[in-house]
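Okay, my_file-v4.cif now, which holds mmCIF, C-alpha atoms:
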```cif
data_my_file
#
loop_
_atom_site.label_atom_id
_atom_site.label_comp_id
_atom_site.auth_asym_id
_atom_site.auth_seq_id
_atom_site.Cartn_x
_atom_site.Cartn_y
_atom_site.Cartn_z
CA MET A 1 11.49 14.83 16.84
CA SER A 2 9.42 17.71 15.45
CA ALA A 3 9.51 16.06 12.00
CA LEU A 4 8.00 12.91 13.48
CA LEU A 5 5.26 14.85 15.26
CA ASN A 6 4.48 16.96 12.21
CA ASN A 7 4.52 14.22 9.56
CA ILE A 8 3.62 10.92 11.25
CA LEU A 9 1.34 11.86 14.13
CA PRO A 10 -1.33 13.69 12.04
CA VAL A 11 -1.80 10.56 9.91
CA PHE A 12 -2.47 8.36 12.93
CA VAL A 13 -4.63 11.00 14.60
CA LEU A 14 -7.01 10.69 11.64
CA VAL A 15 -6.77 6.88 11.81
CA ALA A 16 -7.71 7.00 15.50
CA LEU A 17 -10.52 9.47 14.76
CA GLY A 18 -12.08 6.93 12.41
CA GLN A 19 -12.43 4.51 15.30
CA VAL A 20 -13.83 7.28 17.52
CA LEU A 21 -16.47 8.18 14.92
CA LEU A 22 -17.50 4.54 14.62
CA ARG A 23 -17.74 3.99 18.38
CA ALA A 24 -19.61 7.27 18.87
CA ARG A 25 -22.03 6.17 16.12
CA LEU A 26 -21.42 9.35 14.17
CA ALA A 27 -20.66 7.07 11.20
CA ASP A 28 -21.41 3.40 10.65
CA GLU A 29 -19.89 0.54 8.66
CA ARG A 30 -22.23 1.19 5.73
CA PHE A 31 -21.00 4.79 5.51
CA PHE A 32 -17.37 3.67 5.42
CA ALA A 33 -18.10 0.93 2.87
CA ILE A 34 -19.56 3.52 0.48
CA SER A 35 -16.72 5.92 1.27
CA ASP A 36 -14.16 3.21 0.48
CA ARG A 37 -15.64 2.62 -2.96
CA LEU A 38 -15.67 6.34 -3.79
CA ILE A 39 -12.07 6.75 -2.66
CA TYR A 40 -10.83 3.66 -4.47
CA PHE A 41 -12.57 4.25 -7.79
CA PHE A 42 -12.60 8.04 -8.02
CA PHE A 43 -11.05 10.33 -5.40
CA PHE A 44 -7.67 8.63 -4.90
CA PRO A 45 -7.09 8.01 -8.64
CA ALA A 46 -7.86 11.73 -9.09
CA LEU A 47 -5.20 12.56 -6.50
CA LEU A 48 -2.62 10.33 -8.19
CA PHE A 49 -3.30 11.73 -11.64
CA TRP A 50 -3.23 15.32 -10.37
CA LYS A 51 -0.01 15.02 -8.38
CA VAL A 52 2.01 12.79 -10.69
CA GLY A 53 0.74 14.36 -13.91
CA ALA A 54 1.60 17.85 -12.64
CA ALA A 55 5.31 16.96 -12.66
CA GLY A 56 5.38 17.62 -16.40
CA PRO A 57 8.17 16.60 -18.83
CA LYS A 58 10.76 16.79 -16.03
CA LEU A 59 9.27 13.57 -14.60
CA VAL A 60 11.77 10.76 -15.02
CA LEU A 61 11.51 7.05 -14.35
CA PRO A 62 14.41 6.27 -12.00
CA GLY A 63 15.43 2.80 -13.17
CA ARG A 64 17.65 1.90 -10.21
CA LEU A 65 14.98 2.94 -7.70
CA ILE A 66 12.36 0.83 -9.48
CA LEU A 67 14.73 -2.15 -9.75
CA ALA A 68 15.62 -2.01 -6.05
CA THR A 69 11.97 -1.71 -5.00
CA LEU A 70 10.68 -4.57 -7.12
CA ALA A 71 13.65 -6.77 -6.20
CA ALA A 72 12.99 -6.18 -2.48
CA ILE A 73 9.32 -7.12 -2.91
CA PHE A 74 10.30 -10.27 -4.80
CA ILE A 75 12.77 -11.31 -2.09
CA LEU A 76 10.10 -10.81 0.60
CA TRP A 77 7.69 -12.91 -1.43
CA LEU A 78 10.28 -15.69 -1.54
CA ALA A 79 10.86 -15.29 2.21
CA SER A 80 7.13 -15.64 2.88
CA LEU A 81 7.00 -18.82 0.78
CA ALA A 82 10.01 -20.20 2.65
CA TYR A 83 8.33 -19.56 5.99
CA ILE A 84 5.11 -21.17 4.77
CA ARG A 85 7.06 -24.30 3.89
CA LEU A 86 9.27 -24.40 7.00
CA ALA A 87 6.47 -23.62 9.47
CA ARG A 88 3.98 -25.77 7.57
CA VAL A 89 1.42 -22.99 7.37
CA PRO A 90 -1.94 -24.51 6.33
CA HIS A 91 -3.09 -23.92 2.74
CA PHE A 92 -6.09 -21.95 4.01
CA GLN A 93 -3.76 -19.37 5.63
CA ALA A 94 -0.75 -19.58 3.31
CA GLY A 95 -1.91 -17.23 0.55
CA THR A 96 -3.08 -14.61 3.02
CA PHE A 97 0.12 -14.83 5.07
CA SER A 98 2.22 -14.35 1.97
CA GLN A 99 0.40 -11.30 0.63
CA VAL A 100 0.21 -9.42 3.94
CA SER A 101 4.00 -9.85 4.24
CA PHE A 102 4.74 -7.57 1.27
CA ARG A 103 1.61 -5.58 0.35
CA PHE A 104 1.50 -1.90 1.36
CA ASN A 105 -1.11 0.65 2.36
CA THR A 106 -1.16 3.24 -0.42
CA TYR A 107 -3.26 5.74 1.52
CA VAL A 108 -1.00 5.90 4.57
CA GLY A 109 2.02 6.10 2.29
CA MET A 110 0.69 8.97 0.23
CA ALA A 111 -0.34 10.91 3.35
CA VAL A 112 3.10 10.58 4.97
CA VAL A 113 5.06 11.26 1.76
CA MET A 114 2.94 14.30 0.92
CA SER A 115 3.45 15.72 4.39
CA ALA A 116 7.18 14.95 4.58
CA PHE A 117 8.41 15.53 1.01
CA GLY A 118 5.78 17.58 -0.82
CA GLU A 119 5.02 17.54 -4.54
CA GLU A 120 8.30 16.03 -5.73
CA GLY A 121 8.08 13.24 -3.17
CA VAL A 122 4.52 12.45 -4.21
CA ALA A 123 5.57 12.19 -7.87
CA ARG A 124 8.37 9.78 -6.90
CA PHE A 125 6.00 7.75 -4.73
CA GLY A 126 3.48 7.63 -7.57
CA ILE A 127 6.10 6.14 -9.89
CA ILE A 128 6.98 3.49 -7.32
CA ILE A 129 3.40 2.37 -6.72
CA SER A 130 2.43 2.47 -10.41
CA LEU A 131 4.89 -0.38 -10.99
CA ALA A 132 4.76 -2.03 -7.55
CA ILE A 133 0.98 -2.51 -7.53
CA PRO A 134 0.76 -4.69 -10.68
CA PHE A 135 3.88 -6.63 -9.65
CA ILE A 136 2.47 -7.26 -6.17
CA ASN A 137 -0.88 -8.31 -7.60
CA VAL A 138 0.80 -10.93 -9.78
CA LEU A 139 2.66 -12.38 -6.78
CA ALA A 140 -0.30 -12.17 -4.37
CA VAL A 141 -2.97 -13.58 -6.68
CA SER A 142 -0.66 -16.34 -7.92
CA THR A 143 0.11 -17.47 -4.37
CA LEU A 144 -3.52 -17.26 -3.24
CA VAL A 145 -4.69 -19.26 -6.24
CA TRP A 146 -1.91 -21.84 -5.78
CA HIS A 147 -2.95 -22.47 -2.17
CA ALA A 148 -6.72 -22.09 -2.71
CA GLN A 149 -8.97 -24.97 -1.70
CA ALA A 150 -10.77 -24.77 -5.04
CA GLN A 151 -9.06 -26.10 -8.17
CA TYR A 152 -8.40 -23.54 -10.89
CA SER A 153 -7.26 -24.24 -14.42
CA GLY A 154 -4.24 -22.48 -15.90
CA ILE A 155 -6.51 -20.20 -17.95
CA GLN A 156 -8.55 -19.28 -14.87
CA LYS A 157 -5.39 -18.42 -12.94
CA LEU A 158 -4.14 -16.21 -15.76
CA ARG A 159 -7.50 -14.44 -16.00
CA MET A 160 -7.53 -13.74 -12.26
CA VAL A 161 -4.06 -12.23 -12.35
CA LEU A 162 -4.80 -10.11 -15.44
CA ARG A 163 -8.11 -8.93 -14.05
CA ALA A 164 -6.47 -7.88 -10.77
CA MET A 165 -4.18 -5.61 -12.77
CA LEU A 166 -6.37 -4.34 -15.59
CA VAL A 167 -9.30 -3.19 -13.45
CA ASN A 168 -7.19 -1.60 -10.70
CA PRO A 169 -7.98 2.16 -10.85
CA LEU A 170 -4.77 3.08 -9.01
CA ILE A 171 -2.61 1.39 -11.64
CA LEU A 172 -4.58 3.00 -14.45
CA ALA A 173 -4.41 6.45 -12.83
CA CYS A 174 -0.63 6.23 -12.28
CA LEU A 175 0.10 5.03 -15.80
CA ALA A 176 -2.17 7.71 -17.30
CA ALA A 177 -0.48 10.37 -15.14
CA ILE A 178 3.01 9.32 -16.21
CA ALA A 179 1.97 9.37 -19.86
CA PHE A 180 0.34 12.79 -19.43
CA ALA A 181 3.38 14.23 -17.64
CA ARG A 182 5.75 12.99 -20.34
CA SER A 183 3.50 14.42 -23.09
CA GLY A 184 4.15 18.00 -21.99
CA LEU A 185 0.46 18.84 -22.07
CA VAL A 186 -1.08 21.14 -19.45
CA LEU A 187 -4.47 20.63 -17.83
CA PRO A 188 -7.07 23.39 -18.28
CA VAL A 189 -7.42 25.42 -15.10
CA PHE A 190 -11.00 24.32 -14.45
CA LEU A 191 -10.04 20.64 -14.75
CA GLU A 192 -6.97 21.00 -12.55
CA ARG A 193 -9.06 22.69 -9.86
CA SER A 194 -11.75 20.01 -10.15
CA LEU A 195 -9.11 17.31 -9.63
CA ALA A 196 -7.68 19.27 -6.71
CA LEU A 197 -11.09 19.48 -5.01
CA GLY A 198 -11.74 15.78 -5.53
CA ALA A 199 -8.24 14.83 -4.41
CA SER A 200 -8.56 16.82 -1.19
CA VAL A 201 -11.29 14.42 -0.05
CA SER A 202 -9.36 11.20 -0.60
CA LEU A 203 -6.67 11.00 2.08
CA PRO A 204 -8.67 12.24 5.10
CA MET A 205 -11.58 9.89 4.28
CA ALA A 206 -9.24 6.98 3.54
CA LEU A 207 -7.45 7.38 6.88
CA LEU A 208 -10.75 7.63 8.77
CA SER A 209 -11.92 4.45 7.06
CA ILE A 210 -8.71 2.62 7.97
CA GLY A 211 -9.25 3.58 11.60
CA ALA A 212 -12.85 2.43 11.56
CA SER A 213 -11.81 -0.99 10.26
CA LEU A 214 -9.33 -1.62 13.07
CA SER A 215 -10.36 -3.90 15.93
CA LEU A 216 -8.10 -5.68 18.43
CA ALA A 217 -10.64 -8.50 18.48
CA LYS A 218 -9.35 -9.51 15.03
CA LEU A 219 -6.05 -10.56 16.65
CA LYS A 220 -7.68 -13.37 18.63
CA GLY A 221 -6.34 -16.73 17.51
CA ARG A 222 -4.20 -15.17 14.76
CA LEU A 223 -1.66 -13.12 16.72
CA GLY A 224 1.37 -15.40 16.19
CA LEU A 225 1.16 -15.64 12.41
CA ALA A 226 0.16 -11.98 12.11
CA LEU A 227 3.21 -11.00 14.15
CA VAL A 228 5.53 -13.01 11.89
CA SER A 229 4.05 -11.29 8.83
CA CYS A 230 4.65 -7.91 10.48
CA LEU A 231 8.28 -8.79 11.20
CA LEU A 232 8.72 -9.64 7.52
CA LYS A 233 6.88 -6.52 6.33
CA LEU A 234 8.14 -3.90 8.78
CA LEU A 235 11.60 -5.20 9.68
CA LEU A 236 12.98 -7.53 7.00
CA LEU A 237 11.60 -5.60 4.00
CA PRO A 238 13.18 -2.26 5.06
CA LEU A 239 16.51 -4.02 5.71
CA VAL A 240 16.46 -5.80 2.36
CA GLY A 241 15.24 -2.67 0.60
CA TYR A 242 17.94 -0.48 2.11
CA SER A 243 20.65 -2.98 1.18
CA LEU A 244 19.47 -3.04 -2.45
CA LEU A 245 19.13 0.74 -2.63
CA ARG A 246 22.68 1.24 -1.38
CA LEU A 247 23.97 -1.53 -3.67
CA LEU A 248 22.47 0.28 -6.65
CA ASP A 249 23.71 3.66 -5.38
CA VAL A 250 20.24 5.16 -4.92
CA GLY A 251 20.30 8.22 -2.67
CA GLY A 252 18.66 11.56 -1.98
CA LEU A 253 14.90 11.90 -2.25
CA SER A 254 14.52 8.52 -3.97
CA LEU A 255 16.14 6.78 -1.00
CA SER A 256 13.95 8.65 1.50
CA VAL A 257 10.69 7.95 -0.32
CA ALA A 258 11.59 4.30 -0.89
CA MET A 259 12.43 3.74 2.79
CA LEU A 260 9.07 5.21 3.82
CA TYR A 261 7.44 2.91 1.27
CA PHE A 262 9.18 -0.13 2.76
CA ALA A 263 8.02 0.88 6.28
CA LEU A 264 4.30 1.03 5.42
CA PRO A 265 1.67 -1.24 7.02
CA THR A 266 0.01 -3.93 4.93
CA ALA A 267 -2.86 -3.04 2.60
CA THR A 268 -6.48 -3.21 3.70
CA SER A 269 -7.24 -4.68 0.25
CA ALA A 270 -5.58 -7.89 1.44
CA TYR A 271 -8.77 -8.67 3.37
CA ILE A 272 -10.94 -8.38 0.26
CA LEU A 273 -8.59 -10.42 -1.93
CA SER A 274 -8.34 -13.18 0.68
CA GLY A 275 -12.14 -13.43 0.77
CA GLN A 276 -12.40 -13.58 -3.01
CA LEU A 277 -9.90 -16.44 -3.27
CA ASN A 278 -11.02 -18.56 -0.32
CA SER A 279 -8.19 -17.75 2.06
CA ASP A 280 -8.13 -16.71 5.75
CA THR A 281 -9.79 -13.28 6.05
CA ASP A 282 -9.38 -13.36 9.85
CA LEU A 283 -5.61 -13.58 9.44
CA ALA A 284 -5.72 -10.73 6.92
CA GLY A 285 -7.69 -8.60 9.39
CA ALA A 286 -5.26 -9.41 12.21
CA ALA A 287 -2.23 -8.53 10.08
CA ILE A 288 -3.81 -5.25 8.99
CA VAL A 289 -4.56 -4.22 12.58
CA LEU A 290 -1.17 -5.21 13.95
CA SER A 291 0.90 -3.79 11.08
CA THR A 292 -1.00 -0.48 11.22
CA ILE A 293 -0.23 -0.13 14.92
CA LEU A 294 3.42 -1.18 14.57
CA SER A 295 3.96 1.00 11.51
CA MET A 296 3.96 4.03 13.79
CA VAL A 297 7.38 2.76 14.90
CA SER A 298 8.67 1.73 11.45
CA LEU A 299 7.55 4.93 9.73
CA SER A 300 8.98 7.07 12.53
CA ALA A 301 12.30 5.23 12.25
CA ALA A 302 12.37 5.62 8.46
CA LEU A 303 11.64 9.33 8.68
CA LEU A 304 14.14 9.85 11.49
CA LEU A 305 16.93 8.05 9.63
CA PHE A 306 16.19 9.08 6.04
CA GLY A 307 13.90 12.12 6.22
#
```

Represent the structure from my file as structure tokens, please.
Amino acid sequence: MSALLNNILPVFVLVALGQVLLRARLADERFFAISDRLIYFFFFPALLFWKVGAAGPKLVLPGRLILATLAAIFILWLASLAYIRLARVPHFQAGTFSQVSFRFNTYVGMAVVMSAFGEEGVARFGIIISLAIPFINVLAVSTLVWHAQAQYSGIQKLRMVLRAMLVNPLILACLAAIAFARSGLVLPVFLERSLALGASVSLPMALLSIGASLSLAKLKGRLGLALVSCLLKLLLLPLVGYSLLRLLDVGGLSLSVAMLYFALPTATSAYILSGQLNSDTDLAGAAIVLSTILSMVSLSAALLLFG
């Protein structure tokens, strides 16, 4: 129980504080919008590069862990498509429903993994997300484009998918960090300390921003579909993921980090992507709110069972 209090509760205290700051008018939506951009394009990539790159030549790419993770995501994508077809989810909502069923909140994940498993856990988590993010973007953008009201040519679809990967600073930071770690090079002290200072800003501000974006009003009219997406994301994905991890004989720290990954709430970026590709942003907002609340249970269970 102390592990849950020490590793899960602090994350959600900061999330709740973001909502308090917004309601108390100590920070407004414009402040958090600017903060989000700084975190996404600079501070969080700095954190990823610093933590993953610091692992040095001992950093390995665990093939079975990566295979199990990507396979679980792919199965959940197929499950979301099956539900869309069986439940006759409208095209306007289909792409959003699919992506919120398997996307993950990187910031919450990094905060929990850092607290629970330290430097080695962060390096393992960084490897997972460096490959999961581009894979997820291919699946999410493809589905959103397929169900979009507008008609896109094959070239346009390919460009959208490639752009979603090539301009993502988190992907670039992770890949650069892995390459740096494997090179055996060492950062100059002044640069390492600069990255450390910048990185220290990212997680607290990201969690505050997540809290500020949450509103129960977003659930109105979208609760049913949002709840189904949460069941896929927070219940089915961990079950599928665990089965694949055990099948491939993945254990130890890799198993623990992966199970926390599978238990994460959906990504706040789902809202932005839905808006860009003419899908239901209200559903995205509802799924983000509900999955963030329910992830207190899924993350606690993952840490209790595998921590």

Q: Could you please determine the separation between CA of Ala148 (chain A) and CA of Val100 (chain A) in Å, to one decimal place?
A: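 The value is 15.9 Å.
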
Q | Test item: the PyMOL selection byres ((chain A and resi 33) around 12) resolved as an NGL selection string | A | :A and (27-32 or 34-40 or 205-206 or 208-210 or 212-213)

Q: Tell me, in Å to one decimal, how far CA of Phe12 (chain A) is from CA of Ala287 (chain A).
A: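 CA of Ala287 (chain A) lies at a distance of 17.1 Å from CA of Phe12 (chain A).
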
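Relative to CA of Ala16 (chain A), CA of Trp50 (chain A) is found at 27.5 Å.
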
(Q) Within 12 Å of (-0.1, -6.1, 9.7) (file coordinates; all atoms listed in the file), which protein or nucleic acid residues are there? I'd like them as number ranges by chain. (A) A: 96-105, 214, 216, 218-219, 222-235, 263-271, 282-296, 298

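Residues captured in this structure file are A:Leu237, A:Pro238, A:Gly241, A:Ala258, A:Met259, A:Leu260, A:Tyr261, A:Ala263, A:Leu264, according to the PyMOL selection byres ((chain A and resi 262) around 7).
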
Store the residues picked out above, limited to C-alpha atoms, as an mmCIF file, in the coordinates of the input.
```
data_model
loop_
_atom_site.group_PDB
_atom_site.id
_atom_site.type_symbol
_atom_site.label_atom_id
_atom_site.label_comp_id
_atom_site.auth_asym_id
_atom_site.auth_seq_id
_atom_site.Cartn_x
_atom_site.Cartn_y
_atom_site.Cartn_z
ATOM 1 C CA LEU A 237 11.600 -5.600 4.000
ATOM 2 C CA PRO A 238 13.180 -2.260 5.060
ATOM 3 C CA GLY A 241 15.240 -2.670 0.600
ATOM 4 C CA ALA A 258 11.590 4.300 -0.890
ATOM 5 C CA MET A 259 12.430 3.740 2.790
ATOM 6 C CA LEU A 260 9.070 5.210 3.820
ATOM 7 C CA TYR A 261 7.440 2.910 1.270
ATOM 8 C CA ALA A 263 8.020 0.880 6.280
ATOM 9 C CA LEU A 264 4.300 1.030 5.420
#
```
